[in-house]
Every structure is written in C-alpha cells, then in structure tokens.
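Below is one structure, written out as structure tokens; the observations come after it.
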Amino acid sequence: MAEIAVEATEVPAQLPHIRVAVLGAGKMGGTLLQAFLKQNLFAPDQIHATVGHKERATALSTQWGVDVSTDNLEAASQADLILLGVKPFQVPDLIAEILPALTPAKTLISFAASVKTRAIEDGAGMEIGVIRAMPNTPAALGAGATALCRGRFVSAKQMELAERIFETVGRTVTVQEKLMDAVTGLSGSGPAYIYIVIEALAEAGVKVGLPRDTATLLAAQTTFGAAKMVLETGYHPALLKDTVTTPAGCTIDGVMELEEGGIRVALIKAVMRATERAKQLAAG
Ligand SMILES: NC(=O)c1ccc[n+]([C@@H]2O[C@H](COP(=O)([O-])OP(=O)(O)OC[C@H]3O[C@@H](n4cnc5c(N)ncnc54)[C@H](OP(=O)(O)O)[C@@H]3O)[C@@H](O)[C@H]2O)c1
C-alpha cells in the first residue's frame with residue numbers, strides 16, 4: 001500500500017528571537033523547559049540547559065532534544081533570557097560563574113526559593129533585570145500557581161516575558177517582593193494542605209462504606225471541581241458554599257462539624273506558620 005506523504009509543517013516558535021538558558025534543569029527547571037517545547041514557546045534550538053552531572057546532561061539532551069551541558073558560562077553567554085533553577089544555596093556561586101556573560105540587556109529569572117532579587121542584582125554588580133518567581137509542584141501538570149515579583153531594574157516588557165514563561169505551567173500573579181514569603185506559605189506549601197484534605201475526605205468515604213479508590217477519586221474530583229468553580233465563576237467561596245447548603249439538609253450538618261473541628265483556624269495557622277518559616281529560611 002502506498003504511503004501517504006506527510007508534509008512537514010514547521011510552526012515557528014511563539015518567541016522565536018529569544019535565546020534561553022535554563023541553568024539547573026532539575027524538577028522545576030525541567031518542567032518549565034518541557035512546557036516551553038510542548039507549547040512551542042521556544043524552539044529546541046533556542047534552548048540551552050545545564051545540570052550538575054555530565055551523564056545526566058547527556059541523557060536529558062537525548063530525552064528533550066535540546067542542548068544540555070554542565071557549562072553554565074557557555075549557556076549564559078548565548079542567552080538573552082537566563083533562568084536560575086539551582087538550589088538556593090548554589091545561586092551566589094552560579095552568578096559568580098556566569099558573571100562574564102552578563103550584560104544589562106539580559107534578563108534573569110530566578111525561581112530559587114527565598115533568594116532575593118537584591119542579592120542577585122548585587123552579585124551581578126550591574127543594573128540588570130532580575131525577576132523572582134515562586135511556582136508550585138502542580139506546575140508539572142500545567143496546573144501550577146506562580147507568584148512573580150520584580151527587581152529594581154525590570155522593564156514592563158521583561159515582566160510580560162516572565163508571565164508568558166510561567167503561564168506555560170499554570171496561572172501567575174504579580175506581588176511585591178515582601179509578600180513572597182506569604183506566597184510560599186500559601187501556594188508553595190499549599191498542595192500539601194490540600195492533599196491532607198483529600199486524604200481525609202477519602203478516609204471519610206471509606207468510613208461510610210465506599211471502596212478506597214472510589215472514595216479517593218470522588219474526593220479529588222470534588223476538590224478539583226470546587227476549585228474550578230471558584231476560579232471560573234469568580235463568585236466568593238462563601239456564596240458557592242451557600243448554594244450547596246440547603247436548609248435543614250445534609251450539607252449544613254457537615255459544615256457544622258467542620259466549624260466545630262476548627263478547620264478554618266487550622267488552615268489559617270498552617271499558612272501563618274509556613275510563612276514565618278519561609279522568612280527564617282530567607283534570612284539564612
Ligand atoms: N520543585 C519545586 O516544586 C519547586 C518549587 C518552587 C521553587 N523551587 C526551586 O527550584 C530550584 C530547584 O529545585 P528542584 O526541586 O527543581 O531541585 P532539583 O530537581 O534538585 O534541581 C536542581 C538542578 O540543579 C542542577 N545543578 C546542580 N548543581 C549545578 C550547577 N553547578 N550548575 C548547573 N546545574 C546544577 C542539578 O543537576 P544534577 O541533577 O545533575 O545534580 C539539578 O538538575 C530550587 O531553588 C527550589 O527552591 C522548586
């Protein structure tokens with residue numbers, strides 16, 4: 001049977017003129033890089049990523065089809081946009097390493113937790129645009145929540161670029177840098193709180209007779225659906241709760257138990273404690 005010839009349709013990348021370095025393409029850096037490729041934000045030949053180990057670089061290069069090396073300076077030299085994805089304690093050394101490649105025309109985006117834009121600006125020793133981001137783990141499925149804040153030398157165009165970058169893995173908000181610890185306490189740590197809620201609801205389902213897998217699916221999909229209602233209707237969560245709570249019905253009994261168990265105060269305290277801890281980590 002004759003094969004049907006498939007014409008190669010080369011769709012240009014959305015941002016074809018920007019060369020990108022992802023320095024520290026680990027879990028989060030790798031998630032971003034793969035989202036760029038999947039959504040065609042950048043073409044593979046616009047990206048140069050680095051990791052710490054040579055064997056890993058070789059394996060990832062084959063897996064992703066992009067340049068992956070351990071040479072941060074080379075990657076940064078070729079790039080207009082440099083993403084910093086190493087562990088927070090490695091950021092000062094990384095900046096020192098790529099210093100010869102930095103110019104005020106380049107853009108640095110760091111998603112290293114608790115590393116301040118000022119520290120990166122000072123390390124660079126020039127008026128360079130530094131944007132700091134705090135993504136969270138659901139970014140791996142394109143459902144992340146990322147807060148961005150700007151350093152002192154960031155243009156509107158650079159902020160727009162940072163939003164495009166993180167919109168490939170979910171939703172973004174922009175906050176003042178002093179609120180980044182609060183973001184860490186809420187959306188950075190938040191998935192853990194919600195997993196506990198889902199686990200507890202599933203456990204409750206088991207208690208009232210549902211098979212565990214059914215209970216877990218119902219609990220997770222209900223959490224997903226409720227979040228979608230809040231995001232897409234724009235209604236206040238209290239109003240949405242009221243629409244489920246019929247007079248003298250079942251839900252109000254459940255709500256009463258939650259209030260008696262102090263669920264609101266527990267969640268508020270969880271975010272407060274995690275925010276405090278993030279402040280301590282930032283202080284070193
Ligand atoms: N994971 C998250 O959900 C999340 C959320 C918010 C913020 N962050 C931030 O993202 C950063 C990375 O976290 P992660 O979870 O992605 O950690 P990770 O998976 O360990 O990634 C770190 C990457 O850095 C590479 N690396 C180590 N030394 C290097 C060097 N000298 N030059 C270039 N690359 C080097 C490692 O390479 P090897 O694998 O070869 O050692 C690894 O690929 C952290 O600063 C963290 O605070 C992460």
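Letters for chains follow the order of the structure tokens (A, B, ...), residue numbers begin at 1 for each chain, and ligand numbers begin at 1 in the order shown.
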
Dump as CSV the rows for residues of region 144-190 of chain A within 12 Å of region 63-81 of chain A: closest atom pair and distance in Å with one decimal, only C-alpha atoms counted, ordered by chain and rising residue number.
```
residue,atom,partner,partner_atom,distance
A:Gln158,CA,A:Leu81,CA,9.4
A:Met159,CA,A:Leu81,CA,12.0
A:Leu161,CA,A:Leu81,CA,9.3
A:Ala162,CA,A:Leu81,CA,9.7
A:Ile165,CA,A:Leu81,CA,10.5
```

Please provide as a list in words all residues within 12 Å of region 253-256 of chain A, with the sequence filter that same-chain residues fewer than 3 positions apart are discarded (counting only C-alpha atoms).
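Here the answer would be Leu201, Ala204, Ala238, Lys241, Asp242, Val244, Thr245, Thr246, Pro247, Ala248, Gly249, Cys250, Glu259, Glu260, Gly261, Gly262, Ile263 and Arg264 of chain A.
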
Using only C-alpha atoms and all ligand atoms, which of the listed residues (A:Met180, A:Met134, A:Ala283, A:Ala215) sits closest to ligand 1?
A:Met134

What are the closest atom pairs, with distances in Å to one decimal, for each residue of chain A lying within 10 Å of ligand 1, using only C-alpha atoms and all ligand atoms, rows by chain and rising residue number, as a tab-separated table?
```
residue	atom	partner	partner_atom_place_in_ligand_line	distance
A:Val22	CA	ligand 1	33 (C)	8.6
A:Leu23	CA	ligand 1	33 (C)	5.1
A:Gly24	CA	ligand 1	24 (O)	3.5
A:Ala25	CA	ligand 1	43 (O)	4.5
A:Gly26	CA	ligand 1	43 (O)	3.2
A:Lys27	CA	ligand 1	16 (O)	3.6
A:Met28	CA	ligand 1	16 (O)	3.8
A:Gly29	CA	ligand 1	16 (O)	5.6
A:Gly30	CA	ligand 1	16 (O)	7.3
A:Thr31	CA	ligand 1	16 (O)	8.3
A:Leu32	CA	ligand 1	16 (O)	9.8
A:Ala49	CA	ligand 1	33 (C)	8.3
A:Thr50	CA	ligand 1	33 (C)	5.0
A:Val51	CA	ligand 1	34 (N)	3.5
A:Gly52	CA	ligand 1	40 (O)	3.6
A:His53	CA	ligand 1	40 (O)	3.8
A:Lys54	CA	ligand 1	40 (O)	7.0
A:Glu55	CA	ligand 1	40 (O)	7.8
A:Arg56	CA	ligand 1	40 (O)	5.5
A:Ala57	CA	ligand 1	40 (O)	6.9
A:Leu60	CA	ligand 1	40 (O)	9.8
A:Ser69	CA	ligand 1	33 (C)	8.5
A:Thr70	CA	ligand 1	33 (C)	6.0
A:Asp71	CA	ligand 1	32 (N)	7.4
A:Asn72	CA	ligand 1	32 (N)	6.1
A:Leu73	CA	ligand 1	32 (N)	9.5
A:Leu84	CA	ligand 1	11 (C)	7.7
A:Gly85	CA	ligand 1	11 (C)	4.5
A:Val86	CA	ligand 1	24 (O)	4.1
A:Lys87	CA	ligand 1	45 (O)	3.6
A:Pro88	CA	ligand 1	45 (O)	4.4
A:Phe89	CA	ligand 1	45 (O)	7.8
A:Gln90	CA	ligand 1	31 (N)	7.0
A:Val91	CA	ligand 1	45 (O)	8.0
A:Asp93	CA	ligand 1	31 (N)	7.9
A:Leu94	CA	ligand 1	31 (N)	6.5
A:Glu97	CA	ligand 1	31 (N)	8.9
A:Ser110	CA	ligand 1	45 (O)	8.0
A:Phe111	CA	ligand 1	9 (C)	5.2
A:Ala112	CA	ligand 1	45 (O)	3.1
A:Ala113	CA	ligand 1	47 (O)	3.7
A:Ser114	CA	ligand 1	47 (O)	7.3
A:Val115	CA	ligand 1	45 (O)	8.2
A:Ala133	CA	ligand 1	7 (C)	7.7
A:Met134	CA	ligand 1	6 (C)	5.2
A:Pro135	CA	ligand 1	6 (C)	4.7
A:Asn136	CA	ligand 1	5 (C)	4.6
A:Thr137	CA	ligand 1	3 (O)	4.0
A:Pro138	CA	ligand 1	3 (O)	7.8
A:Ala139	CA	ligand 1	3 (O)	7.7
A:Ala140	CA	ligand 1	3 (O)	8.4
A:Gly144	CA	ligand 1	3 (O)	9.4
A:Ala145	CA	ligand 1	5 (C)	10.0
A:Thr146	CA	ligand 1	6 (C)	8.6
A:Thr184	CA	ligand 1	6 (C)	8.3
A:Ser187	CA	ligand 1	6 (C)	9.8
A:Gly188	CA	ligand 1	6 (C)	6.6
A:Ser189	CA	ligand 1	5 (C)	9.0
A:Pro191	CA	ligand 1	3 (O)	10.0
```

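With distances restricted to only C-alpha atoms, A:Glu199 is the closest residue to Ala220 (chain A) from A:Thr172, A:Asp181, A:Glu199, A:Pro237.
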
Given only C-alpha atoms as the basis, pick out the residue of A:Ser61, A:Gln34, A:Thr174, A:Asn40 nearest to Glu160 (chain A).
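The answer is A:Thr174, which sits nearest to Glu160 (chain A).
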
Run DSSP on the backbone and tell me which residues of region 25-199 of chain A come out as strand (DSSP E or B); list them as a ChimeraX atom specification.
/A:47-50,67-69,81-84,107-110,129-134,144-150,170-174

Same residues, C-alpha atoms, saved as a CSV table (one decimal), in the first residue's frame:
```csv
chain,number,residue,atom,x,y,z
A,47,ILE,CA,17.3,26.5,24.5
A,48,HIS,CA,20.5,25.5,26.3
A,49,ALA,CA,20.0,23.8,29.6
A,50,THR,CA,22.6,22.8,32.2
A,67,ASP,CA,21.4,21.2,24.2
A,68,VAL,CA,22.1,20.1,27.7
A,69,SER,CA,25.6,20.5,29.2
A,81,LEU,CA,17.0,35.1,29.0
A,82,ILE,CA,18.6,33.2,31.8
A,83,LEU,CA,16.6,31.0,34.2
A,84,LEU,CA,18.2,30.2,37.5
A,107,THR,CA,17.0,39.1,31.8
A,108,LEU,CA,17.5,36.9,34.8
A,109,ILE,CA,14.6,34.9,36.2
A,110,SER,CA,15.2,33.0,39.4
A,129,GLY,CA,16.6,43.0,35.2
A,130,VAL,CA,16.0,40.3,37.8
A,131,ILE,CA,12.6,38.7,38.3
A,132,ARG,CA,11.9,36.2,41.1
A,133,ALA,CA,9.3,33.5,40.8
A,134,MET,CA,7.7,31.1,43.3
A,144,GLY,CA,0.7,25.5,38.8
A,145,ALA,CA,0.3,28.7,40.7
A,146,THR,CA,3.2,31.1,40.4
A,147,ALA,CA,3.8,34.4,42.0
A,148,LEU,CA,6.3,36.8,40.4
A,149,CYS,CA,8.0,39.9,41.7
A,150,ARG,CA,10.3,42.3,40.1
A,170,GLY,CA,-0.4,27.4,35.0
A,171,ARG,CA,-1.6,30.7,36.4
A,172,THR,CA,0.5,33.6,37.5
A,173,VAL,CA,0.1,36.6,39.8
A,174,THR,CA,2.5,39.5,40.5
```

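The space separating CA of Pro16 (chain A) from CA of Glu127 (chain A) comes to 25.5 Å.
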